[in-house]
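Q: This is the structure I have questions about; it appears just below.
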Amino acid sequence: PARILVGWQDTPPGRRALDAALPWLRQADEVRLMVIGAPDPADLAWAQARLDAAGIAAAITGLPRREELSVGVQLIAAATM
């Protein structure tokens, strides 16, 4: 894959999913970790450290949460930007 967008929420399932995705992320030309809402910077620290340790240069970006749209719809819209 050339570009991969990862929807991120720092939860135990989110951490397991990111770990499981590492083989694909290593192959991508571009990786973006997308957060919907306003996370605490500490919520991003684990993901950044894990990606750095795996040798993956990822851009971490965020979008304000729009209550009228589901998080999934917002992630799909972000993937097409």
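Numbering starts fresh at 1 for the residues of each chain in the structure tokens, the chains themselves are lettered A, B, ... in the order given, and ligands are numbered from 1 as they appear.
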Would you mind listing what lies within 7 Å of Val35 of chain A as a list in words, with only C-alpha atoms counted and same-chain residues fewer than 6 positions away left out?

A: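 Residues near the query, excluding close chain neighbours: Gly7, Trp8, Gln9, Thr61, Gly62 and Leu63 of chain A.
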
Q: Can you list, as an MDAnalysis selection string, every protein, DNA or RNA residue that comes within 10 Å of Trp24 of chain A when you count only C-alpha atoms, leaving out same-chain residues fewer than 6 positions away?

A: chainID A and resid 1 4 31

Q: Within chain A, find each residue whose DSSP state, derived from the backbone, is alpha helix (DSSP H), and express the selection as a ChimeraX atom specification.

A: /A:12-27,41-53,71-79

Q: Kindly indicate which residue among A:Asp10, A:Arg32, A:Arg50, A:Asp19 lies nearest to Leu75 of chain A, using only C-alpha atoms for the distances.

A: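 For Leu75 of chain A, the nearest of the candidates is A:Arg32.
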
Q: Which distance in Å separates atom CA of Leu22 of chain A and atom CA of Arg3 of chain A, to one decimal?

A: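 If I compute the distance from atom CA of Leu22 of chain A to atom CA of Arg3 of chain A, I get 13.5 Å.
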
Q: Please identify which residues in chain A DSSP calls strand (DSSP E or B) from the backbone, and express them as an MDAnalysis selection string.

A: chainID A and resid 3:7 30:36 58:63

Q: Under the rule that only C-alpha atoms are counted, which of A:Ile60, A:Leu5, A:Ala20, A:Leu69 is the nearest residue to Pro41 of chain A?

A: A:Ile60

Q: Which residue out of A:Met34, A:Ala57, A:Arg16, A:Pro39 has the minimum interatomic distance to Gly72 of chain A when only C-alpha atoms are used?

A: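 Looking at the shortest contact to Gly72 of chain A, the residue is A:Met34.
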